[in-house]
file my_file21.cif (mmCIF, C-alpha atoms)
data_final
loop_
_atom_site.label_atom_id
_atom_site.label_comp_id
_atom_site.auth_asym_id
_atom_site.auth_seq_id
_atom_site.Cartn_x
_atom_site.Cartn_y
_atom_site.Cartn_z
CA MET S 1 95.80 -109.25 -47.04
CA ILE S 2 95.16 -106.25 -49.30
CA ALA S 3 95.17 -102.93 -47.44
CA TYR S 4 95.62 -99.27 -48.28
CA GLU S 5 99.14 -98.27 -49.25
CA HIS S 6 100.17 -94.69 -49.97
CA ASP S 7 101.22 -94.18 -53.57
CA GLU S 8 100.92 -91.73 -56.45
CA THR S 9 99.11 -93.95 -58.94
CA ILE S 10 96.15 -92.90 -61.07
CA ALA S 11 93.82 -94.83 -58.78
CA HIS S 12 95.17 -93.05 -55.70
CA ARG S 13 94.47 -89.66 -57.27
CA LEU S 14 90.82 -90.43 -57.98
CA ASP S 15 87.99 -89.38 -55.69
CA PRO S 16 86.60 -92.41 -53.78
CA ARG S 17 83.09 -91.66 -55.06
CA SER S 18 84.19 -92.03 -58.67
CA LYS S 19 85.96 -95.29 -57.82
CA LEU S 20 82.80 -96.59 -56.15
CA ALA S 21 80.84 -95.69 -59.29
CA VAL S 22 83.31 -97.71 -61.40
CA GLN S 23 83.04 -100.67 -59.03
CA ILE S 24 79.25 -100.65 -59.12
CA GLY S 25 79.21 -100.40 -62.91
CA PHE S 26 81.76 -103.18 -63.29
CA ALA S 27 79.88 -105.49 -60.90
CA ALA S 28 76.61 -104.85 -62.75
CA THR S 29 78.01 -105.68 -66.18
CA ALA S 30 80.07 -108.62 -64.85
CA LEU S 31 76.97 -110.26 -63.36
CA ALA S 32 74.89 -109.57 -66.46
CA HIS S 33 77.18 -110.99 -69.17
CA THR S 34 78.21 -114.65 -69.21
CA SER S 35 79.57 -115.24 -72.71
CA PRO S 36 83.25 -116.16 -73.13
CA ARG S 37 83.83 -113.03 -75.23
CA ALA S 38 82.39 -110.84 -72.46
CA LEU S 39 84.53 -112.56 -69.83
CA VAL S 40 87.66 -111.91 -71.88
CA ALA S 41 86.75 -108.23 -72.21
CA LEU S 42 85.98 -107.96 -68.48
CA SER S 43 89.29 -109.63 -67.66
CA ALA S 44 91.11 -106.98 -69.68
CA VAL S 45 89.19 -104.20 -67.90
CA ALA S 46 89.99 -105.71 -64.48
CA ALA S 47 93.68 -105.92 -65.46
CA VAL S 48 93.62 -102.22 -66.36
CA PHE S 49 92.12 -101.36 -62.96
CA LEU S 50 94.80 -103.37 -61.16
CA ALA S 51 97.50 -101.67 -63.21
CA ALA S 52 96.00 -98.26 -62.37
CA ALA S 53 96.41 -99.09 -58.67
CA ARG S 54 99.82 -100.70 -59.26
CA LEU S 55 98.61 -103.94 -57.70
CA PRO S 56 100.11 -107.19 -59.07
CA VAL S 57 97.60 -109.87 -60.04
CA TRP S 58 99.52 -112.60 -58.22
CA ARG S 59 99.44 -110.64 -54.97
CA THR S 60 95.68 -110.22 -55.23
CA LEU S 61 95.18 -113.91 -55.95
CA VAL S 62 97.27 -114.83 -52.92
CA ALA S 63 95.18 -112.52 -50.75
CA TYR S 64 91.99 -114.16 -52.06
CA ARG S 65 93.33 -117.72 -51.98
CA PHE S 66 90.54 -119.00 -49.73
CA ALA S 67 87.90 -117.55 -52.05
CA LEU S 68 89.73 -119.17 -54.95
CA VAL S 69 89.32 -122.57 -53.30
CA VAL S 70 85.56 -122.07 -53.12
CA VAL S 71 85.46 -120.84 -56.72
CA ALA S 72 87.43 -123.90 -57.84
CA ILE S 73 85.30 -126.42 -55.94
CA ALA S 74 81.91 -124.99 -56.90
CA PRO S 75 82.03 -126.14 -60.58
CA LEU S 76 82.95 -129.67 -59.50
CA LEU S 77 79.98 -129.83 -57.13
CA SER S 78 77.66 -128.35 -59.73
CA ALA S 79 78.75 -130.82 -62.39
CA ALA S 80 78.27 -133.87 -60.14
CA THR S 81 74.85 -135.58 -60.40
CA LEU S 82 73.29 -138.38 -58.38
CA GLY S 83 72.44 -140.42 -61.45
CA SER S 84 73.33 -140.85 -65.09
CA PRO S 85 75.23 -139.21 -66.74
CA TRP S 86 76.90 -138.52 -63.32
CA ILE S 87 78.68 -135.43 -64.67
CA ASP S 88 76.74 -132.49 -66.12
CA VAL S 89 79.34 -130.56 -68.10
CA ASP S 90 77.01 -127.66 -68.91
CA ALA S 91 76.16 -127.09 -65.25
CA GLY S 92 79.84 -127.20 -64.32
CA LEU S 93 80.76 -124.67 -67.01
CA ALA S 94 77.95 -122.35 -65.96
CA SER S 95 79.16 -122.49 -62.35
CA ALA S 96 82.76 -121.89 -63.46
CA ARG S 97 81.73 -118.80 -65.43
CA ALA S 98 79.77 -117.49 -62.46
CA GLY S 99 82.71 -118.04 -60.13
CA TYR S 100 85.09 -116.34 -62.53
CA ARG S 101 82.85 -113.28 -62.67
CA VAL S 102 82.89 -113.11 -58.87
CA LEU S 103 86.68 -113.32 -58.97
CA LEU S 104 86.85 -110.39 -61.39
CA VAL S 105 84.70 -108.28 -59.08
CA LEU S 106 87.03 -109.17 -56.19
CA LEU S 107 90.05 -108.08 -58.23
CA VAL S 108 88.49 -104.68 -58.95
CA SER S 109 87.56 -104.33 -55.27
CA ALA S 110 91.17 -105.06 -54.30
CA ALA S 111 92.33 -102.17 -56.50
CA TYR S 112 89.91 -99.89 -54.65
CA VAL S 113 91.06 -101.06 -51.20
CA ARG S 114 94.71 -100.64 -52.10
CA SER S 115 94.21 -97.07 -53.37
CA THR S 116 91.65 -95.64 -50.91
CA PRO S 117 92.20 -94.66 -47.25
CA VAL S 118 89.54 -95.84 -44.81
CA ARG S 119 88.60 -92.27 -43.84
CA ASP S 120 88.05 -91.37 -47.50
CA SER S 121 85.74 -94.36 -47.97
CA ARG S 122 83.74 -93.30 -44.93
CA ALA S 123 83.55 -89.72 -46.19
CA ALA S 124 82.38 -90.88 -49.63
CA ILE S 125 79.58 -92.98 -48.17
CA GLN S 126 78.38 -90.37 -45.68
CA ARG S 127 78.35 -87.62 -48.30
CA THR S 128 76.59 -89.78 -50.87
CA ILE S 129 73.89 -91.19 -48.55
CA PRO S 130 72.40 -88.37 -46.44
CA GLY S 131 71.28 -88.56 -42.84
CA LYS S 132 71.70 -91.25 -40.22
CA PRO S 133 71.73 -94.20 -42.72
CA GLY S 134 74.83 -92.77 -44.38
CA GLN S 135 76.51 -92.21 -41.03
CA VAL S 136 75.74 -95.78 -39.92
CA LEU S 137 77.08 -97.23 -43.18
CA GLY S 138 80.16 -95.00 -43.04
CA VAL S 139 80.99 -96.05 -39.50
CA GLY S 140 80.36 -99.71 -40.37
CA VAL S 141 82.71 -99.62 -43.36
CA ALA S 142 85.42 -97.86 -41.34
CA LEU S 143 85.20 -100.38 -38.50
CA VAL S 144 85.23 -103.38 -40.85
CA PHE S 145 88.33 -102.19 -42.70
CA ARG S 146 90.15 -101.54 -39.42
CA PHE S 147 88.82 -104.47 -37.37
CA LEU S 148 89.11 -107.32 -39.87
CA PRO S 149 92.96 -107.27 -40.12
CA VAL S 150 93.17 -107.38 -36.32
CA LEU S 151 90.89 -110.44 -36.17
CA ARG S 152 92.91 -112.15 -38.89
CA ALA S 153 96.08 -111.54 -36.90
CA ASP S 154 94.42 -113.01 -33.80
CA PHE S 155 93.43 -116.19 -35.64
CA ARG S 156 96.94 -116.48 -37.06
CA THR S 157 98.40 -116.15 -33.55
CA ILE S 158 96.04 -118.84 -32.22
CA ARG S 159 96.96 -121.19 -35.04
CA ASP S 160 100.70 -120.66 -34.52
CA ALA S 161 100.32 -121.22 -30.76
CA MET S 162 98.50 -124.51 -31.39
CA ALA S 163 101.19 -125.63 -33.81
CA ALA S 164 103.91 -124.85 -31.24
CA ARG S 165 102.06 -127.10 -28.75
CA LEU S 166 101.73 -130.01 -31.22
CA GLY S 167 98.15 -129.04 -32.00
CA THR S 168 98.70 -130.28 -35.54
CA GLU S 169 98.58 -133.83 -34.15
CA ARG S 170 94.90 -133.39 -33.29
CA SER S 171 92.05 -133.99 -35.73
CA ALA S 172 91.00 -131.27 -38.15
CA VAL S 173 87.57 -131.00 -36.52
CA ASP S 174 89.12 -130.61 -33.08
CA ARG S 175 91.54 -127.96 -34.32
CA ALA S 176 88.78 -126.05 -36.11
CA GLY S 177 86.57 -126.11 -33.01
CA THR S 178 89.36 -124.87 -30.75
CA ILE S 179 90.43 -122.11 -33.12
CA GLY S 180 86.81 -121.06 -33.63
CA ALA S 181 86.00 -120.94 -29.90
CA ILE S 182 89.14 -119.05 -28.92
CA GLY S 183 88.87 -116.75 -31.95
CA LEU S 184 85.25 -115.92 -31.14
CA SER S 185 86.18 -115.16 -27.53
CA ARG S 186 88.96 -112.83 -28.68
CA ALA S 187 86.62 -111.14 -31.15
CA PHE S 188 84.15 -110.31 -28.36
CA ASP S 189 87.02 -109.05 -26.19
CA ARG S 190 88.21 -106.87 -29.07
CA ALA S 191 84.68 -105.54 -29.56
CA ASP S 192 84.36 -104.62 -25.87
CA ARG S 193 87.72 -102.86 -25.91
CA LEU S 194 86.78 -101.06 -29.13
CA ALA S 195 83.51 -99.81 -27.61
CA LEU S 196 85.38 -98.57 -24.53
CA ALA S 197 88.02 -96.86 -26.69
CA LEU S 198 85.31 -95.13 -28.75
CA GLN S 199 83.63 -93.84 -25.59
CA ALA S 200 86.95 -92.64 -24.16
CA ARG S 201 87.61 -90.70 -27.36
CA CYS S 202 84.13 -89.09 -27.41
CA PHE S 203 83.04 -90.94 -30.52
CA ALA S 204 80.85 -88.72 -32.72
CA TRP S 205 78.43 -89.63 -35.47
CA ASN S 206 79.41 -86.59 -37.49
CA PRO S 207 83.19 -86.18 -37.25
CA THR S 208 85.33 -83.87 -39.36
CA LEU S 209 85.88 -85.90 -42.51
CA PRO S 210 88.55 -85.29 -45.16
CA ALA S 211 87.67 -82.98 -48.02
CA LEU S 212 86.70 -84.65 -51.29
CA TRP S 213 86.69 -83.08 -54.73
CA PHE S 214 86.20 -84.19 -58.31
CA GLY S 215 88.92 -83.67 -60.89
CA PRO S 216 88.94 -84.29 -64.65
CA LEU S 217 89.91 -87.93 -64.15
CA ASP S 218 86.99 -88.43 -61.76
CA TYR S 219 84.46 -87.32 -64.38
CA LEU S 220 85.99 -89.80 -66.80
CA ALA S 221 85.80 -92.53 -64.15
CA VAL S 222 82.14 -91.77 -63.43
CA ALA S 223 81.40 -91.85 -67.17
CA LEU S 224 83.13 -95.23 -67.37
CA GLY S 225 81.09 -96.52 -64.42
CA ILE S 226 77.85 -95.37 -66.05
CA ALA S 227 78.87 -96.95 -69.37
CA LEU S 228 79.62 -100.25 -67.65
CA ALA S 229 76.30 -100.17 -65.80
CA LEU S 230 74.40 -99.42 -69.01
CA SER S 231 76.20 -102.24 -70.79
CA ALA S 232 74.55 -104.63 -68.35
CA LEU S 233 71.21 -103.76 -69.98
CA LEU S 234 72.40 -104.55 -73.50
#
call {"tool": "encode", "arguments": {"input": "my_file21.cif", "output": "structure tokens"}}
result
Amino acid sequence: MIAYEHDETIAHRLDPRSKLAVQIGFAATALAHTSPRALVALSAVAAVFLAAARLPVWRTLVAYRFALVVVAIAPLLSAATLGSPWIDVDAGLASARAGYRVLLVLLVSAAYVRSTPVRDSRAAIQRTIPGKPGQVLGVGVALVFRFLPVLRADFRTIRDAMAARLGTERSAVDRAGTIGAIGLSRAFDRADRLALALQARCFAWNPTLPALWFGPLDYLAVALGIALALSALL
């Protein structure tokens, strides 16, 4: 799973607000353009972002392997028809292009996650969106980034425990139901413990957040994000 790692790359030195602007611009233009030429150009841009965060493509693809399965299956389902000609090539290609655009957005998001501490993401959101809505979104983002890896570890532990007890001999539906029920129970237990821990630590809606500042590279990144967003209108 992709998580923040301390480094001295270009992406690490950028302000999280400028990186969010680049992400939004990239997502806008990726969803707007569907031609093969545009996809090639967007692939090159995504590769540059990954290089800026020093994040190998193969590592990102491994982290998103379950999403890749969905992206790979979707064109097959879209191409299948209930009658003649049985396979609609145009529909399958359109679905494949759409899935590839989603994959590119995920790659750019992985570069952001790898180069941005959770506290900086929360500070960027709360200082961009004023008032209680920004505080709620900031807290939500912080909790998701910190809570999701714990839940993934719990599900992995449950799966390994079942395998050690010959759970692999049971049907796939039975295994999925057991893992889902136990995983959901652990998630609620984690949530209760998290709420208690927040209360014990005097959780505040307006904590002291890290200082953020724009440098020359950030202005260039914001300009790039605006250019990408405007390209979606062309």
call {"tool": "residues_around", "arguments": {"input": "my_file21.cif", "residues": "segment 8-13 of chain S", "least_positions_apart": "3", "cutoff": "12 Å", "atoms": "only C-alpha atoms", "output": "ChimeraX atom specification"}}
result
/S:4-5,16-20,22,48-55,108-117,120,212-218,221
call {"tool": "residues_around", "arguments": {"input": "my_file21.cif", "residues": "Ala79 of chain S", "least_positions_apart": "5", "cutoff": "10 Å", "atoms": "all atoms listed in the file", "output": "PyMOL selection string"}}
result
chain S and resi 74+86-96
call {"tool": "atom_distance", "arguments": {"input": "my_file21.cif", "atom1": "atom CA of Met1 of chain S", "atom2": "atom CA of Ala63 of chain S"}}
result
5.0 Å
call {"tool": "residues_near_point", "arguments": {"input": "my_file21.cif", "point": "(82.9, -122.4, -58.3)", "cutoff": "9 Å", "atoms": "only C-alpha atoms", "output": "JSON, numbers by chain"}}
result
{"S": [68, 69, 70, 71, 72, 73, 74, 75, 76, 77, 78, 92, 95, 96, 97, 98, 99, 100]}
call {"tool": "write_last_selection", "arguments": {"input": "my_file21.cif", "atoms": "C-alpha atoms", "output": "PDB file, in the coordinates of the input"}}
result
ATOM      1  CA  LEU S  68      89.730-119.170 -54.950  1.00  0.00           C
ATOM      2  CA  VAL S  69      89.320-122.570 -53.300  1.00  0.00           C
ATOM      3  CA  VAL S  70      85.560-122.070 -53.120  1.00  0.00           C
ATOM      4  CA  VAL S  71      85.460-120.840 -56.720  1.00  0.00           C
ATOM      5  CA  ALA S  72      87.430-123.900 -57.840  1.00  0.00           C
ATOM      6  CA  ILE S  73      85.300-126.420 -55.940  1.00  0.00           C
ATOM      7  CA  ALA S  74      81.910-124.990 -56.900  1.00  0.00           C
ATOM      8  CA  PRO S  75      82.030-126.140 -60.580  1.00  0.00           C
ATOM      9  CA  LEU S  76      82.950-129.670 -59.500  1.00  0.00           C
ATOM     10  CA  LEU S  77      79.980-129.830 -57.130  1.00  0.00           C
ATOM     11  CA  SER S  78      77.660-128.350 -59.730  1.00  0.00           C
ATOM     12  CA  GLY S  92      79.840-127.200 -64.320  1.00  0.00           C
ATOM     13  CA  SER S  95      79.160-122.490 -62.350  1.00  0.00           C
ATOM     14  CA  ALA S  96      82.760-121.890 -63.460  1.00  0.00           C
ATOM     15  CA  ARG S  97      81.730-118.800 -65.430  1.00  0.00           C
ATOM     16  CA  ALA S  98      79.770-117.490 -62.460  1.00  0.00           C
ATOM     17  CA  GLY S  99      82.710-118.040 -60.130  1.00  0.00           C
ATOM     18  CA  TYR S 100      85.090-116.340 -62.530  1.00  0.00           C
TER      19      TYR S 100
END
call {"tool": "closest_residue", "arguments": {"input": "my_file21.cif", "among": "S:Ala195, S:Ala123, S:Val118, S:Ala187", "to": "Arg152 of chain S", "atoms": "only C-alpha atoms"}}
result
S:Ala187
call {"tool": "residues_around", "arguments": {"input": "my_file21.cif", "residues": "segment 176-185 of chain S", "least_positions_apart": "3", "cutoff": "6 Å", "atoms": "only C-alpha atoms", "output": "ChimeraX atom specification"}}
result
/S:155,173,188
call {"tool": "atom_distance", "arguments": {"input": "my_file21.cif", "atom1": "atom CA of His6 of chain S", "atom2": "atom CA of Arg156 of chain S"}}
result
25.5 Å
call {"tool": "atom_distance", "arguments": {"input": "my_file21.cif", "atom1": "atom CA of Ala200 of chain S", "atom2": "atom CA of Gly140 of chain S"}}
result
18.9 Å
call {"tool": "resolve_selection", "arguments": {"input": "my_file21.cif", "expression": "the PyMOL selection byres ((chain S and resi 230) around 12)", "output": "JSON, numbers by chain"}}
result
{"S": [22, 24, 25, 26, 27, 28, 29, 30, 32, 33, 223, 224, 225, 226, 227, 228, 229, 231, 232, 233, 234]}
call {"tool": "write_last_selection", "arguments": {"input": "my_file21.cif", "atoms": "C-alpha atoms", "output": "PDB file, in the frame of the given file"}}
result
ATOM      1  CA  VAL S  22      83.310 -97.710 -61.400  1.00  0.00           C
ATOM      2  CA  ILE S  24      79.250-100.650 -59.120  1.00  0.00           C
ATOM      3  CA  GLY S  25      79.210-100.400 -62.910  1.00  0.00           C
ATOM      4  CA  PHE S  26      81.760-103.180 -63.290  1.00  0.00           C
ATOM      5  CA  ALA S  27      79.880-105.490 -60.900  1.00  0.00           C
ATOM      6  CA  ALA S  28      76.610-104.850 -62.750  1.00  0.00           C
ATOM      7  CA  THR S  29      78.010-105.680 -66.180  1.00  0.00           C
ATOM      8  CA  ALA S  30      80.070-108.620 -64.850  1.00  0.00           C
ATOM      9  CA  ALA S  32      74.890-109.570 -66.460  1.00  0.00           C
ATOM     10  CA  HIS S  33      77.180-110.990 -69.170  1.00  0.00           C
ATOM     11  CA  ALA S 223      81.400 -91.850 -67.170  1.00  0.00           C
ATOM     12  CA  LEU S 224      83.130 -95.230 -67.370  1.00  0.00           C
ATOM     13  CA  GLY S 225      81.090 -96.520 -64.420  1.00  0.00           C
ATOM     14  CA  ILE S 226      77.850 -95.370 -66.050  1.00  0.00           C
ATOM     15  CA  ALA S 227      78.870 -96.950 -69.370  1.00  0.00           C
ATOM     16  CA  LEU S 228      79.620-100.250 -67.650  1.00  0.00           C
ATOM     17  CA  ALA S 229      76.300-100.170 -65.800  1.00  0.00           C
ATOM     18  CA  SER S 231      76.200-102.240 -70.790  1.00  0.00           C
ATOM     19  CA  ALA S 232      74.550-104.630 -68.350  1.00  0.00           C
ATOM     20  CA  LEU S 233      71.210-103.760 -69.980  1.00  0.00           C
ATOM     21  CA  LEU S 234      72.400-104.550 -73.500  1.00  0.00           C
TER      22      LEU S 234
END
call {"tool": "closest_residue", "arguments": {"input": "my_file21.cif", "among": "S:Ser35, S:Ser121, S:Val150, S:Val57", "to": "Leu137 of chain S", "atoms": "all atoms listed in the file"}}
result
S:Ser121
call {"tool": "closest_residue", "arguments": {"input": "my_file21.cif", "among": "S:Ala44, S:Leu107, S:Ala21, S:Ala211", "to": "Val62 of chain S", "atoms": "all atoms listed in the file"}}
result
S:Leu107
call {"tool": "closest_residue", "arguments": {"input": "my_file21.cif", "among": "S:Leu31, S:Ala161, S:Leu209, S:Val102", "to": "Gln126 of chain S", "atoms": "all atoms listed in the file"}}
result
S:Leu209
call {"tool": "closest_residue", "arguments": {"input": "my_file21.cif", "among": "S:Arg101, S:Met162, S:Phe66, S:Arg122", "to": "Pro210 of chain S", "atoms": "all atoms listed in the file"}}
result
S:Arg122
call {"tool": "build_atoms", "arguments": {"input": "my_file21.cif", "residues": "segment 134-151 of chain S", "atoms": "N, CA and C atoms", "output": "JSON list (two decimals), keeping the file's coordinate frame"}}
result
[["chain", "number", "residue", "atom", "x", "y", "z"],
["S", 134, "GLY", "N", 73.48, -92.94, -43.86],
["S", 134, "GLY", "CA", 74.83, -92.77, -44.38],
["S", 134, "GLY", "C", 75.87, -92.80, -43.29],
["S", 135, "GLN", "N", 75.56, -92.21, -42.14],
["S", 135, "GLN", "CA", 76.51, -92.21, -41.03],
["S", 135, "GLN", "C", 76.72, -93.63, -40.51],
["S", 136, "VAL", "N", 75.62, -94.39, -40.39],
["S", 136, "VAL", "CA", 75.74, -95.78, -39.92],
["S", 136, "VAL", "C", 76.58, -96.61, -40.89],
["S", 137, "LEU", "N", 76.31, -96.48, -42.19],
["S", 137, "LEU", "CA", 77.08, -97.23, -43.18],
["S", 137, "LEU", "C", 78.54, -96.79, -43.19],
["S", 138, "GLY", "N", 78.78, -95.48, -43.06],
["S", 138, "GLY", "CA", 80.16, -95.00, -43.04],
["S", 138, "GLY", "C", 80.94, -95.54, -41.86],
["S", 139, "VAL", "N", 80.33, -95.51, -40.69],
["S", 139, "VAL", "CA", 80.99, -96.05, -39.50],
["S", 139, "VAL", "C", 81.22, -97.56, -39.65],
["S", 140, "GLY", "N", 80.22, -98.26, -40.20],
["S", 140, "GLY", "CA", 80.36, -99.71, -40.37],
["S", 140, "GLY", "C", 81.51, -100.06, -41.30],
["S", 141, "VAL", "N", 81.61, -99.35, -42.41],
["S", 141, "VAL", "CA", 82.71, -99.62, -43.36],
["S", 141, "VAL", "C", 84.06, -99.33, -42.71],
["S", 142, "ALA", "N", 84.15, -98.21, -41.99],
["S", 142, "ALA", "CA", 85.42, -97.86, -41.34],
["S", 142, "ALA", "C", 85.83, -98.92, -40.33],
["S", 143, "LEU", "N", 84.87, -99.39, -39.53],
["S", 143, "LEU", "CA", 85.20, -100.38, -38.50],
["S", 143, "LEU", "C", 85.58, -101.72, -39.12],
["S", 144, "VAL", "N", 84.90, -102.11, -40.21],
["S", 144, "VAL", "CA", 85.23, -103.38, -40.85],
["S", 144, "VAL", "C", 86.64, -103.35, -41.41],
["S", 145, "PHE", "N", 87.00, -102.29, -42.10],
["S", 145, "PHE", "CA", 88.33, -102.19, -42.70],
["S", 145, "PHE", "C", 89.42, -102.20, -41.62],
["S", 146, "ARG", "N", 89.13, -101.61, -40.46],
["S", 146, "ARG", "CA", 90.15, -101.54, -39.42],
["S", 146, "ARG", "C", 90.13, -102.77, -38.51],
["S", 147, "PHE", "N", 88.96, -103.38, -38.33],
["S", 147, "PHE", "CA", 88.82, -104.47, -37.37],
["S", 147, "PHE", "C", 89.18, -105.82, -37.97],
["S", 148, "LEU", "N", 88.88, -106.02, -39.24],
["S", 148, "LEU", "CA", 89.11, -107.32, -39.87],
["S", 148, "LEU", "C", 90.59, -107.72, -39.86],
["S", 149, "PRO", "N", 91.55, -106.84, -40.20],
["S", 149, "PRO", "CA", 92.96, -107.27, -40.12],
["S", 149, "PRO", "C", 93.39, -107.68, -38.72],
["S", 150, "VAL", "N", 92.83, -107.02, -37.70],
["S", 150, "VAL", "CA", 93.17, -107.38, -36.32],
["S", 150, "VAL", "C", 92.66, -108.78, -36.00],
["S", 151, "LEU", "N", 91.44, -109.10, -36.42],
["S", 151, "LEU", "CA", 90.89, -110.44, -36.17],
["S", 151, "LEU", "C", 91.68, -111.50, -36.92]]
